[in-house]
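Here the structure comes first, spelled out in structure tokens, and everything after it is commentary.
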Amino acid sequence: MTAERTSFVYVTYIASTPQKVFEAITRPDIARRYWGHENVSDWTPGAQWQHIRANDERTVELVGEVVEIAPPAHLVITWANASQADDPDAHSRVTFTIEEYEDMVRLTVSHDELIAGSGMEAGISKGWPVVLSSLKSFLETGRGLDIFARPKAA
């Protein structure tokens with residue numbers, strides 16, 4: 001029996017340009033400043049990509065493949081925990097759509113082919129909002145958010 005699949009979509013508006021948003025996603029030196037990780041690839045269709053923690057250990061946490069790329073408007077990658085890289089059923093897909101919208105950018109992140117009820121679904125539904133909020137803050141103010149912050153005790 002095949003596991004039920006689900007998706008997650010997040011849309012945000014950023015006072016920036018499509019090129020700067022695209023570079024923030026694909027350039028390791030920029031991504032580490034708002035994500036705490038680097039997205040490393042040569043960004044060609046079929047190329048591998050790695051999501052590497054920007055610390056001394058340089059832990060590879062996520063892996064995938066570049067499916068489609070049309071800078072600065074469109075990027076599609078597969079996405080899996082590094083420990084599950086060899087399991088095709090564990091791979092989901094992320095689509096970044098970057099559109100000019102008046103004097104800003106509309107960024108839509110669609111993460112689909114997620115196994116419903118999985119740890120990955122739970123993680124990305126909490127993770128994408130803070131990462132994309134940090135991206136927005138970084139591009140608009142030069143300072144990202146602490147994406148590893150936890151709620152204050154009541």
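Convention: chains lettered A, B, ... in structure tokens order; per-chain residue numbering from 1; ligands numbered from 1 as shown.
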
Residues flagged alpha helix (DSSP H) by DSSP in segment 3-143 of chain A, as a short mmCIF file (atom, residue, chain, number, x, y, z; two decimals) with N, CA, C and O atoms, in the first residue's frame:
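selection.cif, written as the output of this step:
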```cif
data_model
loop_
_atom_site.label_atom_id
_atom_site.label_comp_id
_atom_site.auth_asym_id
_atom_site.auth_seq_id
_atom_site.Cartn_x
_atom_site.Cartn_y
_atom_site.Cartn_z
N PRO A 18 13.89 39.73 -7.92
CA PRO A 18 13.94 38.29 -8.15
C PRO A 18 15.37 37.74 -8.10
O PRO A 18 15.60 36.66 -7.54
N GLN A 19 16.32 38.46 -8.66
CA GLN A 19 17.71 37.99 -8.67
C GLN A 19 18.26 37.83 -7.26
O GLN A 19 18.91 36.83 -6.94
N LYS A 20 17.99 38.79 -6.38
CA LYS A 20 18.50 38.71 -5.01
C LYS A 20 17.84 37.56 -4.24
O LYS A 20 18.50 36.87 -3.46
N VAL A 21 16.55 37.34 -4.46
CA VAL A 21 15.86 36.23 -3.79
C VAL A 21 16.43 34.90 -4.29
O VAL A 21 16.75 34.01 -3.49
N PHE A 22 16.60 34.77 -5.59
CA PHE A 22 17.14 33.53 -6.17
C PHE A 22 18.55 33.27 -5.63
O PHE A 22 18.87 32.15 -5.23
N GLU A 23 19.38 34.29 -5.62
CA GLU A 23 20.74 34.13 -5.09
C GLU A 23 20.74 33.76 -3.62
O GLU A 23 21.59 32.98 -3.17
N ALA A 24 19.81 34.31 -2.85
CA ALA A 24 19.75 33.99 -1.42
C ALA A 24 19.43 32.51 -1.20
O ALA A 24 19.87 31.93 -0.22
N ILE A 25 18.69 31.92 -2.10
CA ILE A 25 18.36 30.50 -1.99
C ILE A 25 19.52 29.63 -2.46
O ILE A 25 19.83 28.61 -1.85
N THR A 26 20.20 30.04 -3.51
CA THR A 26 21.17 29.16 -4.17
C THR A 26 22.64 29.43 -3.83
O THR A 26 23.48 28.57 -4.10
N PRO A 28 25.56 29.54 -1.25
CA PRO A 28 25.85 29.09 0.13
C PRO A 28 26.23 30.22 1.08
O PRO A 28 25.79 30.23 2.23
N ASP A 29 27.03 31.18 0.62
CA ASP A 29 27.49 32.26 1.49
C ASP A 29 26.35 33.17 1.93
O ASP A 29 26.42 33.79 2.99
N ILE A 30 25.29 33.24 1.15
CA ILE A 30 24.13 34.04 1.54
C ILE A 30 23.18 33.21 2.39
O ILE A 30 22.71 33.67 3.44
N ALA A 31 22.89 31.98 1.97
CA ALA A 31 21.94 31.13 2.70
C ALA A 31 22.35 30.93 4.16
O ALA A 31 21.51 30.93 5.05
N ARG A 32 23.65 30.80 4.40
CA ARG A 32 24.08 30.57 5.79
C ARG A 32 23.72 31.74 6.69
O ARG A 32 23.55 31.59 7.89
N ARG A 33 23.58 32.93 6.13
CA ARG A 33 23.34 34.13 6.94
C ARG A 33 21.90 34.23 7.44
O ARG A 33 21.64 34.91 8.43
N TYR A 34 20.95 33.59 6.78
CA TYR A 34 19.57 33.64 7.26
C TYR A 34 19.01 32.25 7.58
O TYR A 34 17.99 32.13 8.23
N TRP A 35 19.69 31.19 7.10
CA TRP A 35 19.18 29.82 7.25
C TRP A 35 20.01 29.00 8.22
O TRP A 35 19.55 27.98 8.74
N GLY A 119 7.54 12.61 9.93
CA GLY A 119 8.37 13.58 10.62
C GLY A 119 8.80 14.70 9.70
O GLY A 119 8.92 15.86 10.13
N MET A 120 9.02 14.38 8.42
CA MET A 120 9.39 15.42 7.45
C MET A 120 8.26 16.42 7.30
O MET A 120 8.50 17.63 7.30
N GLU A 121 7.04 15.95 7.18
CA GLU A 121 5.90 16.88 7.06
C GLU A 121 5.83 17.78 8.29
O GLU A 121 5.67 19.00 8.17
N ALA A 122 5.96 17.22 9.47
CA ALA A 122 5.90 18.02 10.70
C ALA A 122 7.05 19.02 10.74
O ALA A 122 6.85 20.19 11.09
N GLY A 123 8.24 18.59 10.35
CA GLY A 123 9.40 19.47 10.39
C GLY A 123 9.31 20.63 9.42
O GLY A 123 9.60 21.77 9.79
N ILE A 124 8.90 20.35 8.18
CA ILE A 124 8.87 21.45 7.21
C ILE A 124 7.71 22.40 7.48
O ILE A 124 7.82 23.59 7.19
N SER A 125 6.61 21.91 8.05
CA SER A 125 5.49 22.82 8.32
C SER A 125 5.83 23.83 9.42
O SER A 125 5.26 24.91 9.47
N LYS A 126 6.80 23.49 10.26
CA LYS A 126 7.31 24.44 11.25
C LYS A 126 8.52 25.19 10.71
O LYS A 126 8.73 26.36 10.99
N GLY A 127 9.33 24.49 9.92
CA GLY A 127 10.58 25.05 9.44
C GLY A 127 10.45 26.09 8.35
O GLY A 127 11.10 27.15 8.41
N TRP A 128 9.64 25.81 7.32
CA TRP A 128 9.54 26.78 6.22
C TRP A 128 9.10 28.17 6.68
O TRP A 128 9.70 29.16 6.25
N PRO A 129 8.08 28.31 7.54
CA PRO A 129 7.69 29.66 7.94
C PRO A 129 8.81 30.47 8.58
O PRO A 129 8.99 31.65 8.27
N VAL A 130 9.60 29.86 9.47
CA VAL A 130 10.67 30.62 10.12
C VAL A 130 11.82 30.89 9.15
O VAL A 130 12.39 31.98 9.14
N VAL A 131 12.16 29.92 8.29
CA VAL A 131 13.23 30.13 7.32
C VAL A 131 12.86 31.24 6.34
O VAL A 131 13.67 32.13 6.05
N LEU A 132 11.64 31.20 5.84
CA LEU A 132 11.24 32.21 4.86
C LEU A 132 11.03 33.58 5.50
O LEU A 132 11.28 34.61 4.86
N SER A 133 10.63 33.61 6.75
CA SER A 133 10.57 34.88 7.48
C SER A 133 11.97 35.45 7.67
O SER A 133 12.20 36.65 7.55
N SER A 134 12.92 34.56 7.96
CA SER A 134 14.31 34.99 8.12
C SER A 134 14.88 35.49 6.79
O SER A 134 15.60 36.50 6.75
N LEU A 135 14.56 34.81 5.70
CA LEU A 135 14.98 35.25 4.37
C LEU A 135 14.45 36.65 4.09
O LEU A 135 15.18 37.54 3.66
N LYS A 136 13.17 36.87 4.36
CA LYS A 136 12.55 38.18 4.15
C LYS A 136 13.25 39.24 5.00
O LYS A 136 13.63 40.30 4.49
N SER A 137 13.45 38.96 6.28
CA SER A 137 14.13 39.91 7.16
C SER A 137 15.53 40.21 6.66
O SER A 137 15.96 41.37 6.64
N PHE A 138 16.25 39.16 6.27
CA PHE A 138 17.62 39.34 5.80
C PHE A 138 17.67 40.23 4.56
O PHE A 138 18.47 41.17 4.50
N LEU A 139 16.83 39.96 3.59
CA LEU A 139 16.88 40.74 2.35
C LEU A 139 16.39 42.18 2.56
O LEU A 139 16.85 43.09 1.88
N GLU A 140 15.49 42.39 3.50
CA GLU A 140 14.95 43.73 3.72
C GLU A 140 15.76 44.55 4.72
O GLU A 140 15.76 45.77 4.64
N THR A 141 16.45 43.88 5.65
CA THR A 141 17.16 44.63 6.70
C THR A 141 18.64 44.30 6.79
O THR A 141 19.37 44.97 7.51
#
```

>> Taking 2 positions as the minimum chain separation for residues in the same chain, which residues sit within 6 Å of segment 100-105 of chain A when counting only C-alpha atoms? Answer as a PyMOL selection string.
In response: chain A and resi 13-16

>> DSSP on the backbone: which residues in segment 87-121 of chain A end up as strand (DSSP E or B)? Give the answer as a PyMOL selection string.
In response: chain A and resi 92-101+104-115

>> List the spatial neighbours of Asp42 of chain A as a list in words - criterion: any atom at most 10 Å away, only C-alpha atoms, same-chain residues fewer than 5 positions off excluded.
In response: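 The contact residues come out as Thr26, Arg27, Ala47, Gln48, Trp49 and Val66 of chain A.
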
> Hey, can you check how far atom CA of Leu114 of chain A sits from atom CA of Ser92 of chain A?
Replying inline: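 Calculated distance between atom CA of Leu114 of chain A and atom CA of Ser92 of chain A is 5.3 Å.
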
> Using only C-alpha atoms, which of A:Glu113, A:Ala149, A:Ile77, A:Glu38 sits nearest Ala90 of chain A?
Replying inline: A:Glu113
